[in-house]
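Each remark here refers to the structure printed beneath this line.
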Amino acid sequence: MKNSILMLSAALMLGGVAHAQKVAFEEYNLDNGMHVILHNDPSAPVVITSVMYHVGSKDERPDRTGFAHFFEHLLFEGTKNIKRGEWMKIVTANGGVNNANTTDDRTYYYEVFPSNSLELGLWMESERLMHPVINKIGVDTQNEVVKEEKRMRYDNQPYGNILPVVKENMFKKHPYRWTTIGSMKDLDAATLEEFQAFNKKFYTPNNAVLVVAGDFDKAKTKEWIQKYFAAIPRGEEVKKQTYIEEPINQTIKATYEDPNIQIPMVVASYRTPSMKTRDARVLDLISSYLSDGKSSKLYKKIVDDKKMALQIGAVGFSQEDYGMYILYGLPMAPNTTTDILKEMDEEIVKIQTDLISEKDYQKLQNKFDNNFVNANASVEGIAENLASFYLLYGDVNLINTEIDLYHSITREEIREVAKKYLNPNQRLILDYIPSTKAQN
(Lines give C-alpha, C1' and ligand atoms only; values in the text may rest on other atoms or scores of the structure.)
Protein backbone atom coordinates (compact mmCIF):
# COMPACT_ATOMS: atom_id res chain seq x y z
CA MET A 1 0.00 0.00 0.00
CA LYS A 2 2.92 2.28 -0.56
CA ASN A 3 2.95 5.16 -3.01
CA SER A 4 5.46 7.94 -3.37
CA ILE A 5 5.08 11.38 -4.85
CA LEU A 6 8.40 13.15 -4.81
CA MET A 7 7.08 16.67 -4.59
CA LEU A 8 4.73 15.80 -1.76
CA SER A 9 7.44 13.92 0.11
CA ALA A 10 9.76 16.90 -0.15
CA ALA A 11 7.06 19.21 1.15
CA LEU A 12 6.36 16.78 3.98
CA MET A 13 9.96 16.83 5.13
CA LEU A 14 10.04 20.61 4.98
CA GLY A 15 6.79 20.78 6.88
CA GLY A 16 8.39 19.74 10.16
CA VAL A 17 11.32 21.97 10.96
CA ALA A 18 14.18 19.80 12.18
CA HIS A 19 14.75 21.74 15.36
CA ALA A 20 14.27 20.49 18.90
CA GLN A 21 11.43 22.94 19.38
CA LYS A 22 8.29 22.29 21.36
CA VAL A 23 5.54 20.53 19.43
CA ALA A 24 2.35 22.51 20.04
CA PHE A 25 -0.93 20.60 20.04
CA GLU A 26 -4.54 20.80 21.13
CA GLU A 27 -6.54 17.77 22.26
CA TYR A 28 -10.20 17.17 23.06
CA ASN A 29 -12.85 14.43 23.02
CA LEU A 30 -15.96 14.04 20.91
CA ASP A 31 -19.13 12.95 22.68
CA ASN A 32 -18.74 9.43 21.23
CA GLY A 33 -15.38 9.03 22.99
CA MET A 34 -13.09 9.67 20.03
CA HIS A 35 -9.97 11.56 21.07
CA VAL A 36 -8.80 14.32 18.73
CA ILE A 37 -5.34 15.89 18.56
CA LEU A 38 -4.55 18.88 16.35
CA HIS A 39 -1.05 20.08 15.48
CA ASN A 40 -0.83 23.15 13.28
CA ASP A 41 2.26 23.69 11.12
CA PRO A 42 1.78 26.12 8.22
CA SER A 43 5.35 25.85 6.93
CA ALA A 44 4.31 23.69 3.96
CA PRO A 45 0.92 23.17 2.25
CA VAL A 46 0.58 19.60 3.47
CA VAL A 47 -1.79 17.98 5.94
CA ILE A 48 -1.94 14.53 7.59
CA THR A 49 -5.19 12.86 8.59
CA SER A 50 -4.57 9.77 10.67
CA VAL A 51 -6.41 7.42 12.97
CA MET A 52 -4.76 5.02 15.41
CA TYR A 53 -6.85 2.22 16.89
CA HIS A 54 -5.97 0.52 20.15
CA VAL A 55 -6.01 -2.95 18.63
CA GLY A 56 -3.07 -5.13 17.69
CA SER A 57 -2.19 -8.78 17.49
CA LYS A 58 -2.28 -9.10 21.30
CA ASP A 59 -6.06 -8.57 21.12
CA GLU A 60 -6.64 -11.72 19.06
CA ARG A 61 -7.74 -15.17 20.12
CA PRO A 62 -5.00 -17.83 20.10
CA ASP A 63 -6.92 -19.73 17.39
CA ARG A 64 -7.59 -16.60 15.31
CA THR A 65 -4.22 -14.92 15.07
CA GLY A 66 -3.44 -12.37 12.37
CA PHE A 67 -6.78 -10.52 12.51
CA ALA A 68 -5.40 -7.06 13.37
CA HIS A 69 -2.84 -7.17 10.55
CA PHE A 70 -5.50 -8.57 8.23
CA PHE A 71 -7.68 -5.54 8.93
CA GLU A 72 -4.78 -3.26 8.00
CA HIS A 73 -5.39 -4.58 4.49
CA LEU A 74 -9.12 -5.26 4.64
CA LEU A 75 -10.16 -1.72 5.53
CA PHE A 76 -8.79 -0.44 2.24
CA GLU A 77 -11.26 -2.65 0.34
CA GLY A 78 -13.97 -0.02 0.26
CA THR A 79 -16.91 1.45 2.13
CA LYS A 80 -20.59 2.13 1.61
CA ASN A 81 -19.67 5.28 -0.33
CA ILE A 82 -16.24 4.33 -1.72
CA LYS A 83 -16.47 1.53 -4.25
CA ARG A 84 -14.17 -1.46 -4.03
CA GLY A 85 -10.81 -0.65 -5.65
CA GLU A 86 -11.43 3.11 -5.60
CA TRP A 87 -9.65 4.07 -2.36
CA MET A 88 -6.16 4.39 -3.83
CA LYS A 89 -7.47 6.04 -6.99
CA ILE A 90 -9.18 8.78 -4.99
CA VAL A 91 -6.05 9.44 -2.92
CA THR A 92 -3.65 9.61 -5.86
CA ALA A 93 -6.07 11.63 -8.01
CA ASN A 94 -5.98 14.28 -5.29
CA GLY A 95 -2.19 14.37 -5.03
CA GLY A 96 -1.97 12.28 -1.88
CA VAL A 97 -0.36 9.19 -0.44
CA ASN A 98 -1.66 6.77 2.17
CA ASN A 99 -0.59 3.75 4.14
CA ALA A 100 -1.21 1.71 7.27
CA ASN A 101 0.78 -0.42 9.69
CA THR A 102 0.09 -2.80 12.54
CA THR A 103 2.00 -3.82 15.66
CA ASP A 104 1.23 -6.10 18.57
CA ASP A 105 -0.43 -3.14 20.31
CA ARG A 106 -2.11 -0.84 17.75
CA THR A 107 -3.13 -0.26 14.13
CA TYR A 108 -2.46 3.03 12.33
CA TYR A 109 -3.97 4.46 9.14
CA TYR A 110 -3.05 7.76 7.51
CA GLU A 111 -3.38 9.96 4.45
CA VAL A 112 -1.04 12.77 3.38
CA PHE A 113 -2.75 15.36 1.18
CA PRO A 114 -2.17 18.86 -0.10
CA SER A 115 -3.82 21.15 2.46
CA ASN A 116 -6.79 21.91 0.24
CA SER A 117 -7.83 18.23 0.42
CA LEU A 118 -8.10 18.04 4.21
CA GLU A 119 -11.87 17.61 4.17
CA LEU A 120 -11.48 14.69 1.77
CA GLY A 121 -9.01 12.99 4.12
CA LEU A 122 -11.33 13.41 7.10
CA TRP A 123 -14.29 12.08 5.14
CA MET A 124 -12.33 9.02 3.98
CA GLU A 125 -11.23 8.12 7.51
CA SER A 126 -14.76 8.58 8.81
CA GLU A 127 -15.99 6.31 6.01
CA ARG A 128 -13.45 3.65 7.00
CA LEU A 129 -14.76 3.81 10.55
CA MET A 130 -18.49 4.20 9.97
CA HIS A 131 -19.24 2.38 6.71
CA PRO A 132 -16.65 -0.36 6.02
CA VAL A 133 -17.74 -3.08 3.63
CA ILE A 134 -16.60 -6.42 5.00
CA ASN A 135 -17.73 -9.11 2.61
CA LYS A 136 -16.53 -12.43 1.25
CA ILE A 137 -14.84 -11.07 -1.87
CA GLY A 138 -12.80 -8.60 0.20
CA VAL A 139 -11.80 -11.24 2.76
CA ASP A 140 -10.84 -13.75 0.07
CA THR A 141 -8.80 -11.16 -1.85
CA GLN A 142 -6.86 -9.94 1.15
CA ASN A 143 -6.33 -13.49 2.39
CA GLU A 144 -4.25 -14.15 -0.72
CA VAL A 145 -2.40 -10.83 -0.30
CA VAL A 146 -1.46 -11.65 3.29
CA LYS A 147 -0.34 -15.17 2.34
CA GLU A 148 1.99 -13.74 -0.27
CA GLU A 149 3.32 -11.21 2.26
CA LYS A 150 4.04 -14.03 4.70
CA ARG A 151 5.88 -16.02 2.04
CA MET A 152 8.02 -13.02 1.13
CA ARG A 153 8.76 -11.71 4.64
CA TYR A 154 9.02 -14.95 6.61
CA ASP A 155 8.94 -18.26 4.76
CA ASN A 156 11.27 -17.47 1.83
CA GLN A 157 13.38 -14.76 3.48
CA PRO A 158 16.82 -15.78 4.82
CA TYR A 159 16.64 -15.63 8.63
CA GLY A 160 12.98 -14.67 8.20
CA ASN A 161 11.66 -16.81 11.04
CA ILE A 162 13.89 -15.49 13.82
CA LEU A 163 11.17 -13.33 15.33
CA PRO A 164 8.43 -15.99 15.34
CA VAL A 165 10.77 -18.48 17.03
CA VAL A 166 12.02 -15.94 19.57
CA LYS A 167 8.51 -14.82 20.48
CA GLU A 168 7.12 -18.30 20.95
CA ASN A 169 9.96 -19.11 23.34
CA MET A 170 9.98 -15.81 25.24
CA PHE A 171 6.26 -15.69 26.01
CA LYS A 172 4.11 -18.51 27.34
CA LYS A 173 0.93 -16.70 28.44
CA HIS A 174 0.98 -13.33 26.69
CA PRO A 175 -0.34 -12.96 23.12
CA TYR A 176 3.04 -11.48 22.22
CA ARG A 177 3.94 -15.14 21.70
CA TRP A 178 2.64 -15.01 18.13
CA THR A 179 3.66 -12.70 15.29
CA THR A 180 1.60 -9.81 14.01
CA ILE A 181 1.07 -11.49 10.65
CA GLY A 182 -0.42 -14.48 12.47
CA SER A 183 -1.24 -17.93 11.19
CA MET A 184 -2.58 -18.54 7.70
CA LYS A 185 -4.38 -21.59 9.09
CA ASP A 186 -6.28 -19.34 11.52
CA LEU A 187 -7.23 -16.87 8.79
CA ASP A 188 -8.41 -19.68 6.51
CA ALA A 189 -10.58 -21.09 9.30
CA ALA A 190 -12.20 -17.76 10.20
CA THR A 191 -15.75 -17.05 9.11
CA LEU A 192 -17.00 -13.80 7.60
CA GLU A 193 -19.04 -13.25 10.76
CA GLU A 194 -15.87 -13.44 12.87
CA PHE A 195 -14.22 -10.71 10.81
CA GLN A 196 -17.33 -8.56 11.12
CA ALA A 197 -17.45 -9.10 14.88
CA PHE A 198 -13.77 -8.12 15.23
CA ASN A 199 -14.47 -4.89 13.36
CA LYS A 200 -17.50 -4.09 15.50
CA LYS A 201 -15.55 -4.68 18.72
CA PHE A 202 -12.34 -2.78 18.04
CA TYR A 203 -12.90 -0.25 15.24
CA THR A 204 -14.94 2.21 17.28
CA PRO A 205 -14.48 5.93 17.94
CA ASN A 206 -13.90 5.39 21.66
CA ASN A 207 -11.05 2.97 20.87
CA ALA A 208 -9.26 5.43 18.58
CA VAL A 209 -7.42 8.72 18.33
CA LEU A 210 -7.72 11.06 15.34
CA VAL A 211 -4.72 13.27 14.58
CA VAL A 212 -4.70 16.15 12.11
CA ALA A 213 -1.26 17.66 11.57
CA GLY A 214 0.05 20.22 9.11
CA ASP A 215 -1.30 23.31 7.39
CA PHE A 216 -4.98 23.83 8.19
CA ASP A 217 -7.51 26.30 9.54
CA LYS A 218 -8.31 25.13 13.06
CA ALA A 219 -11.90 26.39 13.28
CA LYS A 220 -12.86 24.89 9.93
CA THR A 221 -11.10 21.63 10.77
CA LYS A 222 -13.06 21.29 14.01
CA GLU A 223 -16.28 21.84 12.06
CA TRP A 224 -15.36 19.07 9.62
CA ILE A 225 -14.36 16.69 12.42
CA GLN A 226 -17.71 17.28 14.10
CA LYS A 227 -19.50 16.82 10.77
CA TYR A 228 -17.86 13.55 9.80
CA PHE A 229 -17.05 11.82 13.09
CA ALA A 230 -19.49 12.98 15.76
CA ALA A 231 -22.41 10.95 14.40
CA ILE A 232 -20.48 7.66 14.52
CA PRO A 233 -21.95 5.59 17.36
CA ARG A 234 -19.85 4.87 20.41
CA GLY A 235 -18.83 1.23 20.67
CA GLU A 236 -18.78 -1.03 23.69
CA GLU A 237 -15.87 -0.39 26.01
CA VAL A 238 -12.92 -2.62 25.13
CA LYS A 239 -11.67 -4.38 28.23
CA LYS A 240 -7.99 -5.17 27.87
CA GLN A 241 -6.85 -8.45 29.39
CA THR A 242 -3.77 -8.54 31.59
CA TYR A 243 -1.22 -11.29 31.03
CA ILE A 244 1.56 -11.79 33.55
CA GLU A 245 4.60 -13.78 32.44
CA GLU A 246 6.64 -15.70 34.99
CA PRO A 247 10.20 -14.35 35.29
CA ILE A 248 12.80 -16.20 33.23
CA ASN A 249 15.18 -17.68 35.80
CA GLN A 250 17.08 -20.20 33.72
CA THR A 251 18.43 -20.09 30.20
CA ILE A 252 15.93 -21.12 27.54
CA LYS A 253 17.60 -23.03 24.71
CA ALA A 254 16.08 -23.52 21.29
CA THR A 255 17.17 -24.56 17.79
CA TYR A 256 15.61 -23.68 14.47
CA GLU A 257 16.58 -24.97 11.02
CA ASP A 258 16.18 -22.51 8.14
CA PRO A 259 16.40 -23.89 4.58
CA ASN A 260 17.14 -20.40 3.22
CA ILE A 261 20.52 -19.87 4.93
CA GLN A 262 24.07 -21.22 4.79
CA ILE A 263 25.64 -19.48 7.78
CA PRO A 264 24.43 -20.21 11.32
CA MET A 265 23.35 -17.38 13.60
CA VAL A 266 23.37 -17.10 17.36
CA VAL A 267 20.52 -15.16 18.95
CA ALA A 268 20.37 -14.03 22.57
CA SER A 269 17.03 -12.54 23.59
CA TYR A 270 16.15 -10.88 26.89
CA ARG A 271 12.65 -10.03 28.07
CA THR A 272 12.37 -6.37 29.06
CA PRO A 273 9.67 -4.31 30.82
CA SER A 274 6.90 -2.17 29.33
CA MET A 275 8.09 0.70 27.16
CA LYS A 276 6.32 3.05 29.57
CA THR A 277 8.78 2.29 32.38
CA ARG A 278 11.99 4.10 33.26
CA ASP A 279 13.93 0.83 33.08
CA ALA A 280 12.86 0.40 29.44
CA ARG A 281 14.41 3.74 28.61
CA VAL A 282 17.62 2.82 30.42
CA LEU A 283 17.70 -0.36 28.35
CA ASP A 284 17.34 1.78 25.22
CA LEU A 285 20.60 3.50 26.17
CA ILE A 286 22.28 0.16 26.89
CA SER A 287 21.14 -1.23 23.54
CA SER A 288 22.54 1.80 21.73
CA TYR A 289 25.81 1.59 23.63
CA LEU A 290 26.30 -2.09 22.82
CA SER A 291 25.00 -2.49 19.32
CA ASP A 292 23.82 0.67 17.56
CA GLY A 293 26.03 1.27 14.55
CA LYS A 294 29.59 0.48 13.58
CA SER A 295 31.07 2.46 16.46
CA SER A 296 29.13 0.46 19.07
CA LYS A 297 31.07 -1.73 21.50
CA LEU A 298 30.02 -5.07 20.04
CA TYR A 299 30.49 -4.18 16.38
CA LYS A 300 33.84 -2.46 16.95
CA LYS A 301 35.20 -5.35 18.98
CA ILE A 302 33.80 -8.43 17.26
CA VAL A 303 33.54 -7.33 13.62
CA ASP A 304 36.18 -4.60 13.18
CA ASP A 305 38.95 -5.47 15.63
CA LYS A 306 38.81 -9.24 16.10
CA LYS A 307 37.15 -10.01 12.75
CA MET A 308 35.25 -12.86 14.33
CA ALA A 309 31.87 -12.09 12.80
CA LEU A 310 30.38 -11.06 9.49
CA GLN A 311 27.68 -9.17 11.32
CA ILE A 312 26.65 -8.22 14.84
CA GLY A 313 23.43 -6.46 15.62
CA ALA A 314 20.45 -6.02 17.86
CA VAL A 315 16.74 -5.40 17.61
CA GLY A 316 14.87 -3.71 20.42
CA PHE A 317 11.12 -4.28 20.66
CA SER A 318 9.51 -1.62 22.81
CA GLN A 319 5.95 -2.70 23.48
CA GLU A 320 3.04 -1.74 25.70
CA ASP A 321 3.20 -4.68 28.11
CA TYR A 322 6.65 -6.26 27.70
CA GLY A 323 9.59 -5.71 25.42
CA MET A 324 12.51 -7.71 24.06
CA TYR A 325 16.16 -6.99 23.47
CA ILE A 326 17.47 -9.36 20.80
CA LEU A 327 21.19 -9.64 20.05
CA TYR A 328 22.43 -11.67 17.09
CA GLY A 329 25.68 -12.55 15.38
CA LEU A 330 26.92 -14.32 12.23
CA PRO A 331 30.31 -15.94 12.87
CA MET A 332 33.19 -15.79 10.43
CA ALA A 333 35.05 -19.11 10.09
CA PRO A 334 36.83 -20.60 11.95
CA ASN A 335 34.90 -18.86 14.75
CA THR A 336 31.65 -20.40 15.98
CA THR A 337 28.41 -19.07 17.39
CA THR A 338 29.69 -20.09 20.83
CA ASP A 339 32.73 -17.85 20.36
CA ILE A 340 30.51 -14.94 19.34
CA LEU A 341 28.23 -15.39 22.35
CA LYS A 342 31.24 -15.40 24.68
CA GLU A 343 32.43 -12.07 23.28
CA MET A 344 28.95 -10.58 23.64
CA ASP A 345 28.72 -11.69 27.25
CA GLU A 346 32.07 -10.15 28.09
CA GLU A 347 30.84 -6.72 27.00
CA ILE A 348 27.64 -7.09 28.97
CA VAL A 349 29.60 -8.03 32.10
CA LYS A 350 31.71 -4.89 31.66
CA ILE A 351 28.57 -2.73 31.75
CA GLN A 352 27.34 -4.60 34.84
CA THR A 353 30.67 -4.18 36.61
CA ASP A 354 32.02 -0.75 35.67
CA LEU A 355 30.48 2.60 34.88
CA ILE A 356 30.61 3.46 31.20
CA SER A 357 33.02 6.30 30.50
CA GLU A 358 31.91 9.92 30.58
CA LYS A 359 32.82 10.16 26.91
CA ASP A 360 30.60 7.20 25.99
CA TYR A 361 27.81 8.55 28.18
CA GLN A 362 27.91 11.90 26.41
CA LYS A 363 27.97 10.15 23.05
CA LEU A 364 24.78 8.34 24.03
CA GLN A 365 23.11 11.57 25.07
CA ASN A 366 24.09 13.19 21.77
CA LYS A 367 22.74 10.23 19.81
CA PHE A 368 19.41 10.33 21.63
CA ASP A 369 19.16 14.09 21.16
CA ASN A 370 19.61 13.47 17.45
CA ASN A 371 16.98 10.70 17.50
CA PHE A 372 14.57 13.02 19.28
CA VAL A 373 15.00 15.75 16.67
CA ASN A 374 14.69 13.31 13.78
CA ALA A 375 11.54 11.73 15.24
CA ASN A 376 9.80 15.10 14.99
CA ALA A 377 11.50 16.32 11.82
CA SER A 378 8.45 15.77 9.61
CA VAL A 379 4.76 16.41 10.03
CA GLU A 380 4.16 12.72 9.32
CA GLY A 381 6.46 11.71 12.18
CA ILE A 382 4.84 14.19 14.56
CA ALA A 383 1.35 12.88 13.72
CA GLU A 384 2.28 9.28 14.50
CA ASN A 385 4.13 10.25 17.68
CA LEU A 386 1.19 12.28 18.96
CA ALA A 387 -1.12 9.31 18.38
CA SER A 388 1.28 6.82 20.00
CA PHE A 389 2.02 8.89 23.08
CA TYR A 390 -1.70 9.35 23.70
CA LEU A 391 -2.89 5.83 22.94
CA LEU A 392 -0.03 3.73 24.33
CA TYR A 393 1.58 5.96 26.95
CA GLY A 394 -1.36 8.04 28.12
CA ASP A 395 0.63 11.29 27.92
CA VAL A 396 0.66 13.24 24.65
CA ASN A 397 3.19 15.76 25.98
CA LEU A 398 5.87 13.06 26.06
CA ILE A 399 6.47 14.17 22.50
CA ASN A 400 8.18 17.15 24.13
CA THR A 401 9.43 15.74 27.44
CA GLU A 402 10.57 12.15 26.85
CA ILE A 403 14.07 13.35 25.96
CA ASP A 404 14.30 14.83 29.48
CA LEU A 405 13.78 11.32 30.88
CA TYR A 406 16.74 10.06 28.86
CA HIS A 407 18.85 13.02 30.01
CA SER A 408 18.07 12.20 33.65
CA ILE A 409 19.38 8.61 33.41
CA THR A 410 22.72 8.25 35.15
CA ARG A 411 25.70 6.01 34.46
CA GLU A 412 24.95 4.25 37.76
CA GLU A 413 21.43 3.43 36.55
CA ILE A 414 22.84 1.98 33.36
CA ARG A 415 25.01 -0.37 35.40
CA GLU A 416 22.17 -1.38 37.74
CA VAL A 417 19.63 -2.01 35.00
CA ALA A 418 22.15 -4.13 33.08
CA LYS A 419 22.59 -6.20 36.24
CA LYS A 420 18.82 -6.50 36.63
CA TYR A 421 17.87 -7.70 33.15
CA LEU A 422 20.86 -8.88 31.10
CA ASN A 423 21.94 -12.06 32.84
CA PRO A 424 22.62 -15.48 31.27
CA ASN A 425 19.83 -17.15 33.28
CA GLN A 426 17.26 -14.59 32.08
CA ARG A 427 17.41 -15.14 28.36
CA LEU A 428 16.76 -17.30 25.34
CA ILE A 429 19.72 -18.68 23.40
CA LEU A 430 18.57 -19.62 19.91
CA ASP A 431 20.79 -21.60 17.55
CA TYR A 432 19.47 -20.56 14.16
CA ILE A 433 21.11 -23.00 11.75
CA PRO A 434 20.98 -24.10 8.10
CA SER A 435 18.54 -26.89 7.43
CA THR A 436 20.19 -30.26 6.94
CA LYS A 437 17.56 -31.02 4.32
CA ALA A 438 18.69 -28.02 2.26
CA GLN A 439 22.23 -29.38 2.22
CA ASN A 440 21.27 -32.77 0.80
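For the C-alpha coordinates, the naming scheme is as follows: chains receive sequential letters (A, B, ...) according to their order of presentation, residues are indexed from 1 within each chain, and ligands are indexed from 1 in presentation order.
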
Could you give me, as a PyMOL selection string, the residues within 12 Å of A:Ile302, counting only C-alpha atoms and dropping anything in the same chain fewer than 3 positions from it?
chain A and resi 290-291+294-299+305-313+328-332+335+337+339-347

When you look at A:Glu416 with a cut-off of 12 Å (counting only C-alpha atoms), what residues show up, excluding the ones that are within fewer than 4 positions of it in the same chain? I need them as an NGL selection string.
:A and (279 or 282-283 or 286 or 348-356 or 409-412 or 420-423)

12 Å contact set for A:Asn366, only C-alpha atoms, chain neighbours under 4 positions out, as number ranges by chain:
A: 285, 288-289, 359-362, 370-373, 403, 406-407

With all heavy atoms retained, export the selected residues as a short mmCIF file (atom, residue, chain, number, x, y, z; two decimals), in the first residue's frame.
```cif
data_model
loop_
_atom_site.label_atom_id
_atom_site.label_comp_id
_atom_site.auth_asym_id
_atom_site.auth_seq_id
_atom_site.Cartn_x
_atom_site.Cartn_y
_atom_site.Cartn_z
N LEU A 285 19.23 2.98 26.17
CA LEU A 285 20.60 3.50 26.17
C LEU A 285 21.62 2.37 26.12
O LEU A 285 22.61 2.45 25.39
CB LEU A 285 20.84 4.36 27.43
CG LEU A 285 20.08 5.68 27.53
CD1 LEU A 285 20.43 6.38 28.84
CD2 LEU A 285 20.39 6.60 26.37
N SER A 288 21.79 0.92 22.62
CA SER A 288 22.54 1.80 21.73
C SER A 288 24.03 1.70 21.99
O SER A 288 24.84 1.63 21.06
CB SER A 288 22.06 3.24 21.91
OG SER A 288 22.73 4.11 21.04
N TYR A 289 24.41 1.68 23.24
CA TYR A 289 25.81 1.59 23.63
C TYR A 289 26.46 0.31 23.10
O TYR A 289 27.57 0.32 22.56
CB TYR A 289 25.90 1.64 25.16
CG TYR A 289 27.29 1.42 25.73
CD1 TYR A 289 28.21 2.46 25.78
CD2 TYR A 289 27.66 0.18 26.24
CE1 TYR A 289 29.48 2.27 26.32
CE2 TYR A 289 28.92 -0.02 26.78
CZ TYR A 289 29.83 1.02 26.82
OH TYR A 289 31.09 0.83 27.35
N LYS A 359 32.83 9.91 28.35
CA LYS A 359 32.82 10.16 26.91
C LYS A 359 31.73 9.34 26.23
O LYS A 359 30.98 9.86 25.39
CB LYS A 359 34.18 9.83 26.32
CG LYS A 359 34.28 10.07 24.81
CD LYS A 359 35.67 9.71 24.28
CE LYS A 359 35.75 9.92 22.77
NZ LYS A 359 37.09 9.55 22.24
N ASP A 360 31.63 8.05 26.58
CA ASP A 360 30.60 7.20 25.99
C ASP A 360 29.21 7.63 26.42
O ASP A 360 28.24 7.57 25.65
CB ASP A 360 30.84 5.74 26.37
CG ASP A 360 31.97 5.10 25.59
OD1 ASP A 360 32.22 5.54 24.46
OD2 ASP A 360 32.61 4.17 26.12
N TYR A 361 29.10 8.08 27.67
CA TYR A 361 27.81 8.55 28.18
C TYR A 361 27.35 9.78 27.41
O TYR A 361 26.19 9.88 27.00
CB TYR A 361 27.95 8.88 29.67
CG TYR A 361 26.70 9.45 30.30
CD1 TYR A 361 25.60 8.64 30.58
CD2 TYR A 361 26.60 10.81 30.58
CE1 TYR A 361 24.45 9.17 31.16
CE2 TYR A 361 25.47 11.35 31.15
CZ TYR A 361 24.39 10.52 31.43
OH TYR A 361 23.26 11.06 32.00
N GLN A 362 28.26 10.70 27.15
CA GLN A 362 27.91 11.90 26.41
C GLN A 362 27.57 11.56 24.96
O GLN A 362 26.67 12.16 24.36
CB GLN A 362 29.06 12.92 26.45
CG GLN A 362 28.68 14.29 25.89
CD GLN A 362 27.46 14.88 26.59
OE1 GLN A 362 27.46 15.02 27.82
NE2 GLN A 362 26.44 15.24 25.82
N ASN A 370 19.77 13.52 18.90
CA ASN A 370 19.61 13.47 17.45
C ASN A 370 18.37 12.65 17.07
O ASN A 370 17.60 13.05 16.18
CB ASN A 370 20.86 12.86 16.82
CG ASN A 370 20.80 12.88 15.30
OD1 ASN A 370 20.71 13.94 14.70
ND2 ASN A 370 20.87 11.71 14.69
N ASN A 371 18.17 11.52 17.75
CA ASN A 371 16.98 10.70 17.50
C ASN A 371 15.70 11.48 17.78
O ASN A 371 14.71 11.38 17.05
CB ASN A 371 17.01 9.44 18.36
CG ASN A 371 18.12 8.48 17.98
OD1 ASN A 371 18.71 8.60 16.91
ND2 ASN A 371 18.42 7.54 18.86
N PHE A 372 15.73 12.24 18.87
CA PHE A 372 14.57 13.02 19.28
C PHE A 372 14.21 14.06 18.21
O PHE A 372 13.04 14.22 17.84
CB PHE A 372 14.87 13.70 20.62
CG PHE A 372 13.83 14.70 21.06
CD1 PHE A 372 12.57 14.28 21.44
CD2 PHE A 372 14.13 16.06 21.11
CE1 PHE A 372 11.61 15.21 21.86
CE2 PHE A 372 13.18 16.97 21.51
CZ PHE A 372 11.91 16.54 21.89
N VAL A 373 15.23 14.75 17.71
CA VAL A 373 15.00 15.75 16.67
C VAL A 373 14.47 15.08 15.41
O VAL A 373 13.50 15.53 14.80
CB VAL A 373 16.30 16.53 16.37
CG1 VAL A 373 16.11 17.42 15.14
CG2 VAL A 373 16.69 17.38 17.57
N ILE A 403 12.61 13.19 26.03
CA ILE A 403 14.07 13.35 25.96
C ILE A 403 14.63 13.75 27.32
O ILE A 403 15.76 13.39 27.67
CB ILE A 403 14.45 14.39 24.88
CG1 ILE A 403 15.96 14.38 24.64
CG2 ILE A 403 13.95 15.77 25.24
CD1 ILE A 403 16.51 13.08 24.13
N TYR A 406 15.45 10.65 29.26
CA TYR A 406 16.74 10.06 28.86
C TYR A 406 17.90 10.86 29.43
O TYR A 406 18.90 10.29 29.86
CB TYR A 406 16.84 9.98 27.33
CG TYR A 406 16.00 8.89 26.73
CD1 TYR A 406 14.80 9.18 26.08
CD2 TYR A 406 16.39 7.55 26.81
CE1 TYR A 406 14.02 8.18 25.52
CE2 TYR A 406 15.61 6.55 26.26
CZ TYR A 406 14.43 6.86 25.62
OH TYR A 406 13.66 5.85 25.08
N HIS A 407 17.78 12.19 29.46
CA HIS A 407 18.85 13.02 30.01
C HIS A 407 19.05 12.77 31.51
O HIS A 407 20.15 12.94 32.03
CB HIS A 407 18.53 14.50 29.79
CG HIS A 407 18.71 14.95 28.38
ND1 HIS A 407 18.19 16.13 27.89
CD2 HIS A 407 19.37 14.39 27.33
CE1 HIS A 407 18.51 16.27 26.62
NE2 HIS A 407 19.22 15.22 26.26
#
```

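With atom CA of A:Leu386 on one side and atom CA of A:Asp284 on the other, the separation reads 20.3 Å.
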
Can you tell me which residues surround stretch 180-187 of chain A at a distance of at most 10 Å, considering only C-alpha atoms, apart from same-chain residues fewer than 2 positions away, and format the answer as a PyMOL selection string?
chain A and resi 56-58+60-70+102-105+139-140+143-144+146-147+149-150+153-154+164+175-178+189-191+195

If you run DSSP over the backbone, which residues in stretch 164-390 of chain A end up strand (DSSP E or B)? Put them as a PyMOL selection string.
chain A and resi 208-214+252-258+265-273+309-317+322-331

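Counting only C-alpha atoms, A:Pro424 has the following residues at most 10 Å away, ignoring those fewer than 4 positions along the same chain: A:Asn249, A:Gln250, A:Thr251, A:Ile252, A:Ala268, A:Ser269, A:Tyr270, A:Asp345, A:Leu428, A:Ile429.
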
Taking the chain letters and numbering used in this document, name the residues of stretch 163-327 of chain A that DSSP puts in alpha helix (DSSP H), as an NGL selection string.
:A and (163-170 or 184-189 or 192-202 or 218-229 or 278-291 or 297-298)

Å distance separating atom CA of A:Ile48 from atom CA of A:His73, one decimal place
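The value is 19.7 Å.
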
All residues 12 Å or closer to A:Thr79, only C-alpha atoms, same chain fewer than 4 positions away omitted, as a count of residues only:
21

Find the distance between atom CA of A:Leu210 and atom CA of A:Met275 and write it in Å to one decimal.
22.3 Å
